[in-house]
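See below for run36.cif, which holds mmCIF, C-alpha atoms.
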data_run
loop_
_atom_site.label_atom_id
_atom_site.label_comp_id
_atom_site.auth_asym_id
_atom_site.auth_seq_id
_atom_site.Cartn_x
_atom_site.Cartn_y
_atom_site.Cartn_z
CA MET A 1 -3.14 -22.32 4.41
CA ALA A 2 -6.08 -20.48 6.02
CA ILE A 3 -5.96 -16.69 5.89
CA LEU A 4 -7.08 -16.50 9.53
CA GLN A 5 -5.24 -18.63 12.07
CA LYS A 6 -6.81 -19.28 15.47
CA LEU A 7 -4.34 -18.86 18.31
CA THR A 8 -4.12 -21.09 21.35
CA ASN A 9 -4.55 -19.65 24.84
CA GLN A 10 -0.79 -19.77 25.35
CA GLN A 11 -0.19 -17.95 22.06
CA ILE A 12 -2.76 -15.32 23.02
CA ASP A 13 -1.03 -14.68 26.33
CA GLU A 14 2.37 -14.43 24.62
CA VAL A 15 1.10 -12.06 21.94
CA LEU A 16 -0.67 -9.76 24.41
CA SER A 17 2.32 -9.66 26.75
CA ALA A 18 4.63 -8.76 23.86
CA ALA A 19 2.21 -6.08 22.61
CA ALA A 20 1.98 -4.53 26.07
CA GLU A 21 5.75 -4.66 26.60
CA ARG A 22 6.36 -2.90 23.28
CA GLN A 23 3.32 -0.61 23.67
CA VAL A 24 2.35 -1.29 20.08
CA PRO A 25 -0.27 0.85 18.30
CA ALA A 26 -3.75 -0.60 17.85
CA THR A 27 -7.05 0.31 16.28
CA ILE A 28 -10.28 0.03 18.26
CA THR A 29 -13.55 -0.39 16.39
CA ILE A 30 -16.96 -0.07 17.99
CA ARG A 31 -20.49 0.01 16.66
CA ASP A 32 -22.98 2.47 18.14
CA GLU A 33 -26.32 3.96 17.14
CA ASP A 34 -24.59 6.06 14.45
CA GLY A 35 -22.74 3.13 12.87
CA TRP A 36 -19.07 2.17 12.99
CA ALA A 37 -16.37 4.27 14.62
CA SER A 38 -12.63 3.60 14.78
CA PHE A 39 -10.07 5.07 17.16
CA ARG A 40 -6.30 5.05 17.42
CA ALA A 41 -5.01 3.40 20.58
CA ARG A 42 -1.85 1.97 22.12
CA PHE A 43 -1.18 -0.97 24.41
CA VAL A 44 -0.09 0.24 27.84
CA ALA A 45 0.04 -2.80 30.12
CA MET A 46 -1.47 -6.11 31.17
CA ARG A 47 -2.98 -6.03 34.64
CA GLN A 48 -5.12 -8.57 36.53
CA GLY A 49 -6.56 -10.19 33.43
CA HIS A 50 -7.17 -6.86 31.70
CA ILE A 51 -5.50 -5.24 28.70
CA LEU A 52 -4.93 -1.52 29.20
CA LEU A 53 -5.33 0.48 25.99
CA ALA A 54 -4.68 4.22 25.86
CA VAL A 55 -7.00 6.16 23.55
CA PRO A 56 -6.03 9.80 22.81
CA VAL A 57 -8.62 12.56 22.80
CA PRO A 58 -9.98 12.81 19.23
CA GLU A 59 -8.44 15.38 16.92
CA PRO A 60 -10.58 18.38 15.93
CA GLY A 61 -13.21 17.17 13.50
CA GLU A 62 -13.04 13.55 14.67
CA ARG A 63 -16.12 12.02 16.26
CA PRO A 64 -15.75 11.54 20.04
CA HIS A 65 -17.05 8.44 21.77
CA GLU A 66 -17.81 7.75 25.40
CA PHE A 67 -16.70 4.21 26.16
CA ARG A 68 -18.74 2.41 28.82
CA PRO A 69 -18.36 -0.82 30.79
CA ALA A 70 -19.70 -3.84 28.86
CA ASP A 71 -19.05 -2.20 25.48
CA LYS A 72 -17.90 -4.72 22.88
CA VAL A 73 -14.87 -3.48 20.96
CA GLY A 74 -12.88 -4.91 18.11
CA VAL A 75 -9.12 -4.57 18.48
CA ASN A 76 -6.56 -5.12 15.76
CA PHE A 77 -2.82 -4.55 15.87
CA LYS A 78 0.39 -5.59 14.13
CA LEU A 79 3.09 -7.57 15.88
CA LYS A 80 6.06 -9.23 14.20
CA HIS A 81 4.65 -8.48 10.76
CA HIS A 82 1.33 -10.18 11.48
CA LYS A 83 -2.10 -8.63 11.94
CA HIS A 84 -3.95 -9.79 15.07
CA ILE A 85 -7.69 -9.45 15.61
CA PHE A 86 -9.89 -10.00 18.65
CA THR A 87 -13.12 -8.83 20.23
CA GLY A 88 -13.02 -7.69 23.84
CA THR A 89 -15.32 -6.32 26.52
CA VAL A 90 -14.63 -3.03 28.27
CA ALA A 91 -14.45 -3.54 32.04
CA GLU A 92 -13.81 0.08 33.06
CA THR A 93 -12.28 3.34 31.85
CA ASP A 94 -9.89 5.85 33.40
CA SER A 95 -9.00 9.40 32.46
CA ALA A 96 -5.25 9.62 32.07
CA ARG A 97 -2.30 11.74 31.03
CA LEU A 98 -0.57 9.86 28.23
CA ASP A 99 3.18 9.51 27.74
CA ASP A 100 3.29 12.37 25.24
CA GLY A 101 1.62 14.68 27.77
CA SER A 102 -1.76 14.70 26.06
CA ALA A 103 -5.03 13.84 27.76
CA GLY A 104 -6.74 10.58 26.98
CA VAL A 105 -8.71 7.60 28.19
CA VAL A 106 -7.36 4.22 29.25
CA LEU A 107 -9.68 1.32 28.51
CA HIS A 108 -9.47 -1.78 30.70
CA VAL A 109 -10.48 -4.55 28.29
CA CYS A 110 -11.00 -8.11 29.49
CA SER A 111 -8.32 -10.37 28.10
CA PRO A 112 -9.86 -12.37 25.23
CA THR A 113 -10.09 -16.15 25.05
CA ARG A 114 -10.14 -16.06 21.24
CA MET A 115 -7.77 -14.28 18.88
CA GLN A 116 -6.98 -14.67 15.22
CA ARG A 117 -3.80 -13.91 13.33
CA MET A 118 -3.92 -13.04 9.68
CA GLN A 119 -1.38 -14.02 7.08
CA ARG A 120 0.82 -11.05 6.27
CA ARG A 121 0.30 -11.47 2.52
CA ALA A 122 -3.46 -11.02 2.87
CA PHE A 123 -2.91 -7.37 3.86
CA ASN A 124 -0.62 -6.72 0.90
CA ARG A 125 -2.71 -4.93 -1.68
CA SER A 126 -2.95 -6.83 -4.96
CA ASP A 127 -3.97 -5.51 -8.35
CA VAL A 128 -6.76 -7.44 -10.02
CA PRO A 129 -5.24 -9.47 -12.91
CA PRO A 130 -6.16 -8.25 -16.40
CA ASN A 131 -8.08 -11.44 -17.16
CA ARG A 132 -10.29 -11.03 -14.05
CA ILE A 133 -13.35 -8.83 -13.64
CA VAL A 134 -14.23 -7.90 -10.06
CA ARG A 135 -17.06 -5.47 -9.47
CA ALA A 136 -18.26 -3.68 -6.35
CA ALA A 137 -21.54 -1.96 -5.59
CA PHE A 138 -21.89 0.41 -2.63
CA TRP A 139 -24.53 2.49 -0.89
CA LEU A 140 -24.61 4.93 1.99
CA GLY A 141 -25.29 3.88 5.57
CA GLY A 142 -23.75 0.43 5.87
CA LEU A 143 -24.90 -3.09 5.17
CA GLU A 144 -28.20 -2.88 6.99
CA ASN A 145 -29.28 0.01 4.75
CA GLU A 146 -28.96 -1.84 1.45
CA PRO A 147 -31.80 -0.61 -0.81
CA ALA A 148 -34.02 -3.12 -2.58
CA GLY A 149 -33.13 -1.24 -5.77
CA THR A 150 -31.44 2.00 -6.68
CA THR A 151 -33.61 5.13 -6.52
CA PRO A 152 -32.83 8.87 -6.52
CA ASP A 153 -33.31 8.87 -2.73
CA GLN A 154 -31.35 5.65 -2.13
CA PRO A 155 -28.81 5.28 -4.91
CA VAL A 156 -26.52 2.28 -5.38
CA TRP A 157 -23.27 2.95 -7.24
CA SER A 158 -20.97 0.42 -8.84
CA GLY A 159 -17.54 0.22 -10.38
CA ARG A 160 -14.73 -2.11 -11.37
CA VAL A 161 -12.32 -3.10 -8.60
CA VAL A 162 -8.70 -2.51 -9.59
CA ASN A 163 -6.92 -3.59 -6.41
CA ILE A 164 -7.90 -5.25 -3.14
CA SER A 165 -6.57 -6.52 0.17
CA ALA A 166 -8.02 -7.63 3.47
CA GLY A 167 -7.74 -3.98 4.53
CA GLY A 168 -9.64 -2.34 1.71
CA PHE A 169 -10.03 -1.87 -2.03
CA GLN A 170 -9.96 0.67 -4.83
CA LEU A 171 -12.35 0.89 -7.76
CA ILE A 172 -12.68 2.90 -10.93
CA GLY A 173 -15.84 4.95 -10.95
CA GLU A 174 -17.39 7.77 -12.90
CA GLN A 175 -17.03 11.51 -12.43
CA ARG A 176 -20.48 11.76 -10.85
CA PHE A 177 -19.26 9.59 -7.95
CA GLY A 178 -17.09 12.46 -6.77
CA ASP A 179 -20.01 14.28 -5.13
CA ALA A 180 -21.85 11.14 -4.03
CA VAL A 181 -19.70 10.31 -1.00
CA SER A 182 -17.35 12.23 1.26
CA PRO A 183 -14.23 10.97 3.10
CA GLY A 184 -15.32 9.27 6.31
CA ASP A 185 -18.74 8.18 5.02
CA ILE A 186 -19.76 4.63 5.98
CA VAL A 187 -21.05 2.52 3.12
CA GLY A 188 -22.29 -1.00 2.58
CA VAL A 189 -20.37 -2.91 -0.07
CA ARG A 190 -21.14 -5.92 -2.26
CA ILE A 191 -18.11 -7.34 -4.07
CA SER A 192 -18.60 -9.88 -6.87
CA PHE A 193 -15.53 -11.84 -7.96
CA GLY A 194 -17.06 -13.04 -11.23
CA VAL A 195 -19.54 -15.52 -12.66
CA GLY A 196 -19.61 -18.66 -10.54
CA GLU A 197 -17.35 -17.03 -7.95
CA GLN A 198 -18.14 -15.88 -4.41
CA THR A 199 -19.83 -12.61 -3.53
CA VAL A 200 -19.08 -10.93 -0.21
CA TYR A 201 -20.75 -8.16 1.75
CA ALA A 202 -18.98 -5.76 4.09
CA ASP A 203 -19.12 -2.39 5.80
CA ALA A 204 -16.48 0.06 4.63
CA GLN A 205 -15.40 3.65 5.06
CA PHE A 206 -14.84 5.85 2.05
CA ARG A 207 -11.30 7.23 2.26
CA HIS A 208 -10.38 9.23 -0.84
CA THR A 209 -10.84 10.04 -4.51
CA LEU A 210 -8.00 10.17 -7.02
CA ASP A 211 -8.24 11.58 -10.54
CA GLU A 212 -5.62 10.05 -12.80
CA ASP A 213 -5.66 10.63 -16.54
CA GLY A 214 -9.36 11.36 -16.50
CA GLU A 215 -10.27 8.19 -14.57
CA ILE A 216 -11.76 8.44 -11.07
CA TYR A 217 -10.43 6.05 -8.44
CA LEU A 218 -12.33 5.62 -5.17
CA GLY A 219 -10.59 4.14 -2.13
CA PHE A 220 -12.39 2.25 0.66
CA GLN A 221 -11.29 0.73 3.97
CA PHE A 222 -13.12 -2.31 5.35
CA ILE A 223 -14.58 -1.90 8.85
CA GLY A 224 -15.43 -4.44 11.51
CA LEU A 225 -14.74 -7.58 9.46
CA GLY A 226 -13.19 -9.39 12.41
CA LEU A 227 -16.09 -8.74 14.79
CA THR A 228 -18.81 -11.09 13.50
CA PRO A 229 -18.91 -14.61 12.04
CA GLY A 230 -20.14 -13.20 8.73
CA GLY A 231 -17.42 -10.57 8.74
CA ARG A 232 -14.72 -13.15 9.44
CA GLU A 233 -16.02 -15.29 6.58
CA ALA A 234 -15.87 -12.26 4.26
CA LEU A 235 -12.36 -11.50 5.51
CA GLN A 236 -11.31 -15.06 4.72
CA VAL A 237 -12.65 -14.81 1.17
CA ILE A 238 -11.16 -11.37 0.50
CA GLY A 239 -7.75 -12.34 1.87
CA SER A 240 -7.74 -15.56 -0.14
CA LYS A 241 -8.61 -13.70 -3.33
CA ALA A 242 -5.88 -11.13 -2.71
CA ASN A 243 -3.36 -13.94 -2.29
CA GLN A 244 -4.67 -15.68 -5.42
CA PHE A 245 -4.37 -12.49 -7.47
CA GLN A 246 -0.79 -11.96 -6.29
CA CYS A 247 0.11 -15.47 -7.42
CA GLU A 248 -1.59 -15.01 -10.79
CA LEU A 249 0.23 -11.73 -11.42
CA ALA A 250 3.55 -13.32 -10.48
CA HIS A 251 2.92 -16.32 -12.76
CA PRO A 252 0.46 -15.23 -15.46
CA PRO A 253 -0.93 -17.71 -17.99
CA SER A 254 1.02 -17.72 -21.23
CA HIS A 255 -1.82 -16.13 -23.21
CA VAL A 256 -1.79 -12.95 -21.07
CA ARG A 257 1.98 -12.54 -20.76
CA ASN A 258 3.52 -9.56 -22.51
#
This entry written out as structure tokens:
Amino acid sequence: MAILQKLTNQQIDEVLSAAAERQVPATITIRDEDGWASFRARFVAMRQGHILLAVPVPEPGERPHEFRPADKVGVNFKLKHHKHIFTGTVAETDSARLDDGSAGVVLHVCSPTRMQRMQRRAFNRSDVPPNRIVRAAFWLGGLENEPAGTTPDQPVWSGRVVNISAGGFQLIGEQRFGDAVSPGDIVGVRISFGVGEQTVYADAQFRHTLDEDGEIYLGFQFIGLGLTPGGREALQVIGSKANQFQCELAHPPSHVRN
């Protein structure tokens, strides 16, 4: 079964109506001159062919964004245990007082004609099986800033991926990685699934560092994979691999069983 399922127009209408009725949380992703930015949002209503999404004022330290008509935004949300992804166009914005009393902005987004639903299992994080070697390289600034080779001014770091899902991944790095990136930094990522296997490229946001028993774990969240054909292809591969790894861990070959 495909990781990404295309919904019919009727299914899209049903999903959006249910999301608005339940006022489900959503994440809005937009690309500007500074790179990718993501914002928390919530469905408010459906009105005259528009989806109304409430976006709270950013918390202190978060990067603000002024949404404008004709902006292209990626929207993803969970409904009935499935992740839904679509790209929409902002028609207009309103200042508003949200239900919790806080100030915010309501985006009027044109109802999409295309939407994809992702298999639930693809977003379940899977450890990489012990007989698999998956490596990731990353660099600052996103995909378009990939250096031709690593230099002191434009370093490329790499590590072994230990778990992965369609939402993100974690790798084991070295101590020197700890000062290389800070939480919130946008990086370009190249993930290699092994000799003769596929390699995918993606934008990601560095989320955290964990130090466990002297090993450094770096956590990353994928960004914008549902917004471009190349990103959707990468999402398909990553989700399929995560599903494959789950199956292999549940039914390991006899020579790797304990």
Two-atom distance - CA of Val106 in chain A, CA of Val55 in chain A (Å):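 Straight-line distance from CA of Val106 in chain A to CA of Val55 in chain A works out to 6.0 Å.
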Evaluate the PyMOL selection byres ((chain A and resi 51) around 12) on the structure here and hand back the selected residues as a compact mmCIF listing (two decimals) with C-alpha atoms, in the coordinates of the input.
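Writing done, so here's out23.txt:
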# COMPACT_ATOMS: atom_id res chain seq x y z
CA ILE A 12 -2.76 -15.32 23.02
CA ASP A 13 -1.03 -14.68 26.33
CA VAL A 15 1.10 -12.06 21.94
CA LEU A 16 -0.67 -9.76 24.41
CA SER A 17 2.32 -9.66 26.75
CA ALA A 18 4.63 -8.76 23.86
CA ALA A 19 2.21 -6.08 22.61
CA ALA A 20 1.98 -4.53 26.07
CA GLU A 21 5.75 -4.66 26.60
CA GLN A 23 3.32 -0.61 23.67
CA ALA A 26 -3.75 -0.60 17.85
CA ALA A 41 -5.01 3.40 20.58
CA ARG A 42 -1.85 1.97 22.12
CA PHE A 43 -1.18 -0.97 24.41
CA VAL A 44 -0.09 0.24 27.84
CA ALA A 45 0.04 -2.80 30.12
CA MET A 46 -1.47 -6.11 31.17
CA ARG A 47 -2.98 -6.03 34.64
CA GLN A 48 -5.12 -8.57 36.53
CA GLY A 49 -6.56 -10.19 33.43
CA HIS A 50 -7.17 -6.86 31.70
CA LEU A 52 -4.93 -1.52 29.20
CA LEU A 53 -5.33 0.48 25.99
CA ALA A 54 -4.68 4.22 25.86
CA VAL A 75 -9.12 -4.57 18.48
CA PHE A 86 -9.89 -10.00 18.65
CA THR A 87 -13.12 -8.83 20.23
CA GLY A 88 -13.02 -7.69 23.84
CA THR A 89 -15.32 -6.32 26.52
CA VAL A 90 -14.63 -3.03 28.27
CA ALA A 91 -14.45 -3.54 32.04
CA GLU A 92 -13.81 0.08 33.06
CA THR A 93 -12.28 3.34 31.85
CA VAL A 106 -7.36 4.22 29.25
CA LEU A 107 -9.68 1.32 28.51
CA HIS A 108 -9.47 -1.78 30.70
CA VAL A 109 -10.48 -4.55 28.29
CA CYS A 110 -11.00 -8.11 29.49
CA SER A 111 -8.32 -10.37 28.10
CA PRO A 112 -9.86 -12.37 25.23
What residues come out when you apply the PyMOL selection byres ((chain A and resi 135-144) around 6) to this file, written as a list in words? Val134, Asn145, Glu146, Val156, Trp157, Ser158, Gly159, Arg160, Val161, Ile186, Val187, Gly188, Val189, Arg190, Ile191, Ser192 and Asp203 of chain A
Quick one: which residues end up in the PyMOL selection byres ((chain A and resi 224-240) around 7) for this structure, as a PyMOL selection string? chain A and resi 3-4+29+74+85+87+122+165-166+200-202+222-223+241-244
Show which residues sit within 9 Å of Tyr217 in chain A, as a list of chain:residue names. Count only C-alpha atoms, and ignore same-chain residues fewer than 3 positions away. A:Val162, A:Gln170, A:Leu171, A:Ile172, A:Gly173, A:Glu174, A:His208, A:Thr209, A:Leu210, A:Asp211, A:Glu212
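Counting all atoms listed in the file and comparing A:His84, A:His65, A:Arg132, A:Lys78, the residue that lies closest to Val105 in chain A is A:His65.
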With all atoms listed in the file as the basis for distance, which of A:Val128, A:Leu79, A:Met115, A:Val24 is at the shortest distance from Gln10 in chain A?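 So, comparing all the options, the nearest one is A:Met115.
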Between A:Ser126, A:Gln205, A:Gln5, A:Thr199, which has the minimum distance to Leu249 in chain A (counting all atoms listed in the file)? A:Ser126
Interatomic distance (Å, one decimal) between CA of Thr113 in chain A and CA of Pro69 in chain A: 18.3 Å
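Between CA of Pro129 in chain A and CA of His251 in chain A there is a distance of 10.7 Å.
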Hey, could you patch up range 184-195 of chain A with all heavy atoms and hand it over as a PDB file, in the frame of the given file?
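Saved to rebuild_26.pdb:
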ATOM      1  N   GLY A 184     -14.774   9.577   4.990  1.00  0.00           N
ATOM      2  CA  GLY A 184     -15.320   9.270   6.310  1.00  0.00           C
ATOM      3  C   GLY A 184     -16.707   8.662   6.269  1.00  0.00           C
ATOM      4  O   GLY A 184     -17.158   8.083   7.261  1.00  0.00           O
ATOM      5  N   ASP A 185     -17.409   8.767   5.128  1.00  0.00           N
ATOM      6  CA  ASP A 185     -18.740   8.180   5.020  1.00  0.00           C
ATOM      7  C   ASP A 185     -18.664   6.651   5.154  1.00  0.00           C
ATOM      8  O   ASP A 185     -17.760   6.015   4.619  1.00  0.00           O
ATOM      9  CB  ASP A 185     -19.388   8.516   3.672  1.00  0.00           C
ATOM     10  CG  ASP A 185     -19.922   9.936   3.608  1.00  0.00           C
ATOM     11  OD1 ASP A 185     -19.986  10.589   4.665  1.00  0.00           O
ATOM     12  OD2 ASP A 185     -20.260  10.384   2.495  1.00  0.00           O
ATOM     13  N   ILE A 186     -19.647   6.083   5.852  1.00  0.00           N
ATOM     14  CA  ILE A 186     -19.760   4.630   5.980  1.00  0.00           C
ATOM     15  C   ILE A 186     -20.691   4.122   4.892  1.00  0.00           C
ATOM     16  O   ILE A 186     -21.781   4.658   4.687  1.00  0.00           O
ATOM     17  CB  ILE A 186     -20.293   4.226   7.361  1.00  0.00           C
ATOM     18  CG1 ILE A 186     -19.392   4.792   8.466  1.00  0.00           C
ATOM     19  CG2 ILE A 186     -20.395   2.706   7.475  1.00  0.00           C
ATOM     20  CD1 ILE A 186     -17.965   4.301   8.422  1.00  0.00           C
ATOM     21  N   VAL A 187     -20.254   3.084   4.200  1.00  0.00           N
ATOM     22  CA  VAL A 187     -21.050   2.520   3.120  1.00  0.00           C
ATOM     23  C   VAL A 187     -21.159   1.010   3.302  1.00  0.00           C
ATOM     24  O   VAL A 187     -20.326   0.379   3.962  1.00  0.00           O
ATOM     25  CB  VAL A 187     -20.439   2.820   1.731  1.00  0.00           C
ATOM     26  CG1 VAL A 187     -20.355   4.313   1.491  1.00  0.00           C
ATOM     27  CG2 VAL A 187     -19.070   2.163   1.582  1.00  0.00           C
ATOM     28  N   GLY A 188     -22.197   0.439   2.736  1.00  0.00           N
ATOM     29  CA  GLY A 188     -22.290  -1.000   2.580  1.00  0.00           C
ATOM     30  C   GLY A 188     -21.718  -1.373   1.229  1.00  0.00           C
ATOM     31  O   GLY A 188     -21.875  -0.624   0.254  1.00  0.00           O
ATOM     32  N   VAL A 189     -21.066  -2.514   1.151  1.00  0.00           N
ATOM     33  CA  VAL A 189     -20.370  -2.910  -0.070  1.00  0.00           C
ATOM     34  C   VAL A 189     -20.744  -4.340  -0.441  1.00  0.00           C
ATOM     35  O   VAL A 189     -20.829  -5.214   0.424  1.00  0.00           O
ATOM     36  CB  VAL A 189     -18.837  -2.814   0.114  1.00  0.00           C
ATOM     37  CG1 VAL A 189     -18.117  -3.329  -1.124  1.00  0.00           C
ATOM     38  CG2 VAL A 189     -18.418  -1.391   0.415  1.00  0.00           C
ATOM     39  N   ARG A 190     -20.965  -4.575  -1.721  1.00  0.00           N
ATOM     40  CA  ARG A 190     -21.140  -5.920  -2.260  1.00  0.00           C
ATOM     41  C   ARG A 190     -20.074  -6.122  -3.341  1.00  0.00           C
ATOM     42  O   ARG A 190     -20.033  -5.365  -4.315  1.00  0.00           O
ATOM     43  CB  ARG A 190     -22.536  -6.086  -2.862  1.00  0.00           C
ATOM     44  CG  ARG A 190     -22.796  -7.477  -3.443  1.00  0.00           C
ATOM     45  CD  ARG A 190     -24.210  -7.612  -3.991  1.00  0.00           C
ATOM     46  NE  ARG A 190     -24.463  -6.774  -5.161  1.00  0.00           N
ATOM     47  CZ  ARG A 190     -25.246  -5.710  -5.175  1.00  0.00           C
ATOM     48  NH1 ARG A 190     -25.880  -5.335  -4.074  1.00  0.00           N
ATOM     49  NH2 ARG A 190     -25.422  -5.000  -6.285  1.00  0.00           N
ATOM     50  N   ILE A 191     -19.203  -7.095  -3.135  1.00  0.00           N
ATOM     51  CA  ILE A 191     -18.110  -7.340  -4.070  1.00  0.00           C
ATOM     52  C   ILE A 191     -18.339  -8.687  -4.751  1.00  0.00           C
ATOM     53  O   ILE A 191     -18.460  -9.717  -4.084  1.00  0.00           O
ATOM     54  CB  ILE A 191     -16.745  -7.339  -3.359  1.00  0.00           C
ATOM     55  CG1 ILE A 191     -16.500  -5.977  -2.685  1.00  0.00           C
ATOM     56  CG2 ILE A 191     -15.620  -7.630  -4.357  1.00  0.00           C
ATOM     57  CD1 ILE A 191     -15.212  -5.916  -1.895  1.00  0.00           C
ATOM     58  N   SER A 192     -18.393  -8.664  -6.080  1.00  0.00           N
ATOM     59  CA  SER A 192     -18.600  -9.880  -6.870  1.00  0.00           C
ATOM     60  C   SER A 192     -17.299 -10.207  -7.588  1.00  0.00           C
ATOM     61  O   SER A 192     -16.768  -9.375  -8.335  1.00  0.00           O
ATOM     62  CB  SER A 192     -19.718  -9.674  -7.890  1.00  0.00           C
ATOM     63  OG  SER A 192     -20.940  -9.337  -7.236  1.00  0.00           O
ATOM     64  N   PHE A 193     -16.815 -11.438  -7.384  1.00  0.00           N
ATOM     65  CA  PHE A 193     -15.530 -11.840  -7.960  1.00  0.00           C
ATOM     66  C   PHE A 193     -15.673 -12.509  -9.323  1.00  0.00           C
ATOM     67  O   PHE A 193     -14.692 -13.016  -9.849  1.00  0.00           O
ATOM     68  CB  PHE A 193     -14.796 -12.757  -6.979  1.00  0.00           C
ATOM     69  CG  PHE A 193     -14.258 -12.025  -5.783  1.00  0.00           C
ATOM     70  CD1 PHE A 193     -14.955 -12.011  -4.588  1.00  0.00           C
ATOM     71  CD2 PHE A 193     -13.056 -11.332  -5.859  1.00  0.00           C
ATOM     72  CE1 PHE A 193     -14.472 -11.330  -3.481  1.00  0.00           C
ATOM     73  CE2 PHE A 193     -12.556 -10.646  -4.766  1.00  0.00           C
ATOM     74  CZ  PHE A 193     -13.258 -10.644  -3.571  1.00  0.00           C
ATOM     75  N   GLY A 194     -16.878 -12.507  -9.887  1.00  0.00           N
ATOM     76  CA  GLY A 194     -17.060 -13.040 -11.230  1.00  0.00           C
ATOM     77  C   GLY A 194     -18.122 -14.117 -11.262  1.00  0.00           C
ATOM     78  O   GLY A 194     -18.606 -14.591 -10.223  1.00  0.00           O
ATOM     79  N   VAL A 195     -18.501 -14.503 -12.469  1.00  0.00           N
ATOM     80  CA  VAL A 195     -19.540 -15.520 -12.660  1.00  0.00           C
ATOM     81  C   VAL A 195     -19.072 -16.836 -12.038  1.00  0.00           C
ATOM     82  O   VAL A 195     -17.963 -17.315 -12.295  1.00  0.00           O
ATOM     83  CB  VAL A 195     -19.821 -15.719 -14.158  1.00  0.00           C
ATOM     84  CG1 VAL A 195     -20.850 -16.827 -14.352  1.00  0.00           C
ATOM     85  CG2 VAL A 195     -20.294 -14.423 -14.791  1.00  0.00           C
TER      86      VAL A 195
END
